[in-house]
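K.L.:
Questions regarding the structure given below will be posed in turn.
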Amino acid sequence: MKIAVIGSGVWGACTAYHLQKEGLDVDLYDMWGAGNSRSGSGGASRIIRLAYGEDKIYTELTNNSFEFWENLSNKSDRKLYHECGMLWLVSQDDSSYITHSAEHIKNCGQSISRLTKKEAIKKYPHINLNDINEIYYEEKAGALLASRCCKSVVRKFKNNGGNTFIGEVKVDENNLDKNDIVFNGKKIKADKYIIACGPWGRKLLPEMLGENTYISRQEVYYFSVPNNKAVEFDLNSMPCWLDLNENNPSYYGIPFHLNKGFKIAYDERSTLFDPDTSDRIPMQDLVDRTKSYLYHRFPRLKGLPISETRVCQYENSLDGNFIINWHKKNNDVLVLAGSSGHGFKLGPGLGELVRDIVLENKEIPEFFDIKRLESNDKSSQYYNSQIKYNKRKRLFN
Ligand SMILES: Cc1cc2nc3c(=O)[nH]c(=O)nc-3n(C[C@H](O)[C@H](O)[C@H](O)COP(=O)(O)OP(=O)(O)OC[C@H]3O[C@@H](n4cnc5c(N)ncnc54)[C@H](O)[C@@H]3O)c2cc1C
């Protein structure tokens, strides 16, 4: 069977790798290459963690991904995965997101434990926990070096005999029944096509994805750490963290890494973004807001400057859950979309799922079926709190 995978972000790359490993003839296309700066998978790092509230499908896909990332990291000359743990700071009253997660995490053979404030203050003296209600720690969690991971997966795919092509693939959705998928002026000939183009997906397939996905602008900052104190704030001394907070955007961070700085970003899906035309320059009001949060939460970093920034995008589905579907105009075209700002960690697990859908006709989980968006307004539990926040602030329709 000949397979064409369009898009070598983490989803396309892992899918191509798993299919090729089964002995299939796989071609992988990307406009600019794996983990490029404009893609959702670009940039230095991503958090991997198991807690997903009620949505156990993500906990399981993430759990299925650890071994792949660990092997990739162990066999690489540069570390790709740092298992530093994950700290959940719950400043909102409702901690059901974590309590719901606990059972699913346990079923995967992993754990999440509650820390008393006293324990947490002793363990993490550089975090201001005064206004935090509850604190939880996930041990099997950490940071993936994102763009490096993506490139390594593609390198492995190529070493195993996979083919890569750099350039734009054009899709005519109106003529998809005639396999109108073109590269360099020629139709791509394949038995199955997998379209995993992240934020560009809705441009290639406007009929299917145009009204079911939207792209939001996200800023990421790296802060300087005190001179001679980098070790105190690095991945060996501190876990990744997320502040679950309904009154503010949920801030999250990854300790000092790659000599860049102490990473902090926020989860808010309120400003639309075009991956082709929007400038990637931070906005002063968001910078100020982030500084004020960071200096409050990490007082030892107070007054320290930003050393690096990034502006990137989330490719959101309307309910924050992934979309996996055969295109209704062509049963040989599988579409992967709606990674909604949380799709990196579980790329390998998702790639295995797609392999089984393509090779073994495994049924696509209903949870990922785009049809749900016609009738069902149930969002992922995490996403719900974000939408509440955005609605309250009148940032989101
Ligand atoms: C700031 C930020 C923080 C995040 N934090 C986390 C986190 O902590 N943990 C986590 O799990 N996830 C996180 N995510 C989400 C995660 O990074 C994304 O969900 C994931 O990387 C999306 O991967 P993808 O393969 O779907 O899309 P992409 O990585 O965007 O890949 C799509 C690819 O398709 C290619 N392409 C597009 N159109 C064409 C075309 N016409 N022809 C050829 N190629 C094309 C592009 O060049 C691109 O490489 C974060 C995302 C952002 C932006």
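Going by the structure tokens order, chains are called A, B, ..., each with residues numbered from 1, while ligands are numbered from 1 in the order shown.
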Please, which residues in chain A fall within 7 Å of ligand 1 when counting only C-alpha atoms and all ligand atoms, and what is the closest atom pair and distance in Å to one decimal for each, ordered by chain then residue number, as JSON lines?
P.N.:
```
{"residue": "A:Ile6", "atom": "CA", "partner": "ligand 1", "partner_atom_place_in_ligand_line": "43 (C)", "distance": 5.6}
{"residue": "A:Gly7", "atom": "CA", "partner": "ligand 1", "partner_atom_place_in_ligand_line": "34 (O)", "distance": 3.3}
{"residue": "A:Ser8", "atom": "CA", "partner": "ligand 1", "partner_atom_place_in_ligand_line": "49 (O)", "distance": 4.9}
{"residue": "A:Gly9", "atom": "CA", "partner": "ligand 1", "partner_atom_place_in_ligand_line": "31 (O)", "distance": 3.3}
{"residue": "A:Val10", "atom": "CA", "partner": "ligand 1", "partner_atom_place_in_ligand_line": "25 (O)", "distance": 4.2}
{"residue": "A:Trp11", "atom": "CA", "partner": "ligand 1", "partner_atom_place_in_ligand_line": "25 (O)", "distance": 3.8}
{"residue": "A:Gly12", "atom": "CA", "partner": "ligand 1", "partner_atom_place_in_ligand_line": "25 (O)", "distance": 5.4}
{"residue": "A:Tyr29", "atom": "CA", "partner": "ligand 1", "partner_atom_place_in_ligand_line": "43 (C)", "distance": 5.4}
{"residue": "A:Asp30", "atom": "CA", "partner": "ligand 1", "partner_atom_place_in_ligand_line": "44 (N)", "distance": 3.4}
{"residue": "A:Met31", "atom": "CA", "partner": "ligand 1", "partner_atom_place_in_ligand_line": "44 (N)", "distance": 3.8}
{"residue": "A:Trp32", "atom": "CA", "partner": "ligand 1", "partner_atom_place_in_ligand_line": "47 (O)", "distance": 5.1}
{"residue": "A:Gly33", "atom": "CA", "partner": "ligand 1", "partner_atom_place_in_ligand_line": "49 (O)", "distance": 5.9}
{"residue": "A:Ala34", "atom": "CA", "partner": "ligand 1", "partner_atom_place_in_ligand_line": "49 (O)", "distance": 5.4}
{"residue": "A:Gly35", "atom": "CA", "partner": "ligand 1", "partner_atom_place_in_ligand_line": "49 (O)", "distance": 5.8}
{"residue": "A:Asn36", "atom": "CA", "partner": "ligand 1", "partner_atom_place_in_ligand_line": "49 (O)", "distance": 5.8}
{"residue": "A:Ser39", "atom": "CA", "partner": "ligand 1", "partner_atom_place_in_ligand_line": "30 (O)", "distance": 3.7}
{"residue": "A:Gly40", "atom": "CA", "partner": "ligand 1", "partner_atom_place_in_ligand_line": "30 (O)", "distance": 3.6}
{"residue": "A:Ser41", "atom": "CA", "partner": "ligand 1", "partner_atom_place_in_ligand_line": "21 (O)", "distance": 3.4}
{"residue": "A:Gly42", "atom": "CA", "partner": "ligand 1", "partner_atom_place_in_ligand_line": "29 (O)", "distance": 6.5}
{"residue": "A:Arg46", "atom": "CA", "partner": "ligand 1", "partner_atom_place_in_ligand_line": "8 (O)", "distance": 3.8}
{"residue": "A:Ile47", "atom": "CA", "partner": "ligand 1", "partner_atom_place_in_ligand_line": "8 (O)", "distance": 3.6}
{"residue": "A:Ile48", "atom": "CA", "partner": "ligand 1", "partner_atom_place_in_ligand_line": "9 (N)", "distance": 5.6}
{"residue": "A:Gly167", "atom": "CA", "partner": "ligand 1", "partner_atom_place_in_ligand_line": "43 (C)", "distance": 5.8}
{"residue": "A:Glu168", "atom": "CA", "partner": "ligand 1", "partner_atom_place_in_ligand_line": "42 (N)", "distance": 3.8}
{"residue": "A:Val169", "atom": "CA", "partner": "ligand 1", "partner_atom_place_in_ligand_line": "42 (N)", "distance": 3.8}
{"residue": "A:Lys170", "atom": "CA", "partner": "ligand 1", "partner_atom_place_in_ligand_line": "41 (N)", "distance": 5.5}
{"residue": "A:Ala196", "atom": "CA", "partner": "ligand 1", "partner_atom_place_in_ligand_line": "26 (O)", "distance": 5.8}
{"residue": "A:Cys197", "atom": "CA", "partner": "ligand 1", "partner_atom_place_in_ligand_line": "34 (O)", "distance": 3.5}
{"residue": "A:Gly198", "atom": "CA", "partner": "ligand 1", "partner_atom_place_in_ligand_line": "27 (O)", "distance": 3.6}
{"residue": "A:Pro199", "atom": "CA", "partner": "ligand 1", "partner_atom_place_in_ligand_line": "30 (O)", "distance": 5.6}
{"residue": "A:Trp200", "atom": "CA", "partner": "ligand 1", "partner_atom_place_in_ligand_line": "38 (N)", "distance": 4.8}
{"residue": "A:Gly201", "atom": "CA", "partner": "ligand 1", "partner_atom_place_in_ligand_line": "38 (N)", "distance": 6.5}
{"residue": "A:Leu204", "atom": "CA", "partner": "ligand 1", "partner_atom_place_in_ligand_line": "41 (N)", "distance": 6.7}
{"residue": "A:Gln218", "atom": "CA", "partner": "ligand 1", "partner_atom_place_in_ligand_line": "1 (C)", "distance": 5.5}
{"residue": "A:Glu219", "atom": "CA", "partner": "ligand 1", "partner_atom_place_in_ligand_line": "1 (C)", "distance": 6.3}
{"residue": "A:Val220", "atom": "CA", "partner": "ligand 1", "partner_atom_place_in_ligand_line": "1 (C)", "distance": 5.8}
{"residue": "A:Ala265", "atom": "CA", "partner": "ligand 1", "partner_atom_place_in_ligand_line": "1 (C)", "distance": 6.8}
{"residue": "A:Cys312", "atom": "CA", "partner": "ligand 1", "partner_atom_place_in_ligand_line": "53 (C)", "distance": 4.7}
{"residue": "A:Gln313", "atom": "CA", "partner": "ligand 1", "partner_atom_place_in_ligand_line": "53 (C)", "distance": 4.4}
{"residue": "A:Tyr314", "atom": "CA", "partner": "ligand 1", "partner_atom_place_in_ligand_line": "53 (C)", "distance": 5.0}
{"residue": "A:Ala337", "atom": "CA", "partner": "ligand 1", "partner_atom_place_in_ligand_line": "26 (O)", "distance": 6.2}
{"residue": "A:Ser339", "atom": "CA", "partner": "ligand 1", "partner_atom_place_in_ligand_line": "19 (O)", "distance": 4.3}
{"residue": "A:Ser340", "atom": "CA", "partner": "ligand 1", "partner_atom_place_in_ligand_line": "19 (O)", "distance": 5.7}
{"residue": "A:Gly341", "atom": "CA", "partner": "ligand 1", "partner_atom_place_in_ligand_line": "15 (C)", "distance": 3.7}
{"residue": "A:His342", "atom": "CA", "partner": "ligand 1", "partner_atom_place_in_ligand_line": "12 (N)", "distance": 3.5}
{"residue": "A:Gly343", "atom": "CA", "partner": "ligand 1", "partner_atom_place_in_ligand_line": "19 (O)", "distance": 3.4}
{"residue": "A:Phe344", "atom": "CA", "partner": "ligand 1", "partner_atom_place_in_ligand_line": "11 (O)", "distance": 3.6}
{"residue": "A:Lys345", "atom": "CA", "partner": "ligand 1", "partner_atom_place_in_ligand_line": "11 (O)", "distance": 3.8}
{"residue": "A:Leu346", "atom": "CA", "partner": "ligand 1", "partner_atom_place_in_ligand_line": "11 (O)", "distance": 6.4}
```
K.L.:
Pick out the residues sitting within 10 Å of Asn325 in chain A, and hand them over as a ChimeraX atom specification; count only C-alpha atoms, and ignore anything fewer than 2 positions along from it in its own chain.
P.N.:
/A:194,208,322-323,327-328,331,333-337,364-366,368-371
K.L.:
Create the file for the chosen residues now, containing C-alpha atoms and written as an mmCIF file, in the first residue's frame.
P.N.:
```
data_model
loop_
_atom_site.group_PDB
_atom_site.id
_atom_site.type_symbol
_atom_site.label_atom_id
_atom_site.label_comp_id
_atom_site.auth_asym_id
_atom_site.auth_seq_id
_atom_site.Cartn_x
_atom_site.Cartn_y
_atom_site.Cartn_z
ATOM 1 C CA ILE A 194 -3.464 11.467 5.457
ATOM 2 C CA MET A 208 -14.903 20.226 6.264
ATOM 3 C CA PHE A 322 -9.362 16.272 18.318
ATOM 4 C CA ILE A 323 -10.921 15.556 14.921
ATOM 5 C CA HIS A 327 -13.282 12.865 4.322
ATOM 6 C CA LYS A 328 -16.903 12.470 3.281
ATOM 7 C CA ASN A 331 -12.932 7.377 1.742
ATOM 8 C CA VAL A 333 -8.471 10.623 2.617
ATOM 9 C CA LEU A 334 -8.083 10.647 6.394
ATOM 10 C CA VAL A 335 -8.080 14.061 8.073
ATOM 11 C CA LEU A 336 -6.359 14.755 11.418
ATOM 12 C CA ALA A 337 -7.203 18.172 12.896
ATOM 13 C CA ILE A 364 -12.394 5.794 14.813
ATOM 14 C CA PRO A 365 -13.339 6.610 18.430
ATOM 15 C CA GLU A 366 -16.657 8.492 18.432
ATOM 16 C CA PHE A 368 -12.952 12.262 17.725
ATOM 17 C CA ASP A 369 -15.750 12.132 15.130
ATOM 18 C CA ILE A 370 -16.424 15.574 13.658
ATOM 19 C CA LYS A 371 -20.184 14.840 13.657
#
```
K.L.:
Do you know which residues are at most 9 Å from Cys84 in chain A counting only C-alpha atoms, after dropping those on the same chain fewer than 5 positions away, and could you put them as JSON, numbers by chain?
P.N.:
{"A": [139, 140, 141, 142, 143, 235, 236, 237, 238, 239, 240]}
K.L.:
Output C-alpha atoms for every residue in that selection, as a PDB file, in the first residue's frame.
P.N.:
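File produced: selection.pdb:
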```pdb
ATOM      1  CA  GLU A 139       5.528  11.959  38.792  1.00  0.00           C
ATOM      2  CA  LYS A 140       5.368  10.500  35.283  1.00  0.00           C
ATOM      3  CA  ALA A 141       5.461  13.808  33.423  1.00  0.00           C
ATOM      4  CA  GLY A 142       7.959  16.310  32.136  1.00  0.00           C
ATOM      5  CA  ALA A 143       9.228  18.287  29.191  1.00  0.00           C
ATOM      6  CA  LEU A 235      14.577  20.926  34.835  1.00  0.00           C
ATOM      7  CA  ASN A 236      16.676  18.950  37.325  1.00  0.00           C
ATOM      8  CA  SER A 237      15.446  20.969  40.305  1.00  0.00           C
ATOM      9  CA  MET A 238      11.849  21.807  39.479  1.00  0.00           C
ATOM     10  CA  PRO A 239       8.822  20.243  37.807  1.00  0.00           C
ATOM     11  CA  CYS A 240       6.733  21.700  35.010  1.00  0.00           C
TER      12      CYS A 240
END
```
K.L.:
In Å, with one decimal, what is the gap from CA of Lys151 in chain A to CA of Leu80 in chain A?
P.N.:
10.7 Å
K.L.:
Can you list, as a ChimeraX atom specification, all residues belonging to range 195-377 of chain A that DSSP tags as helix (DSSP H, G or I)?
P.N.:
/A:198-204,206-209,230-233,284-297,299-301,347-360,366-368,372-375
K.L.:
Kindly give the distance, in Å, that separates CA of Gly253 in chain A and CA of Ser73 in chain A, rounded to a single decimal.
P.N.:
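The value is 21.1 Å.
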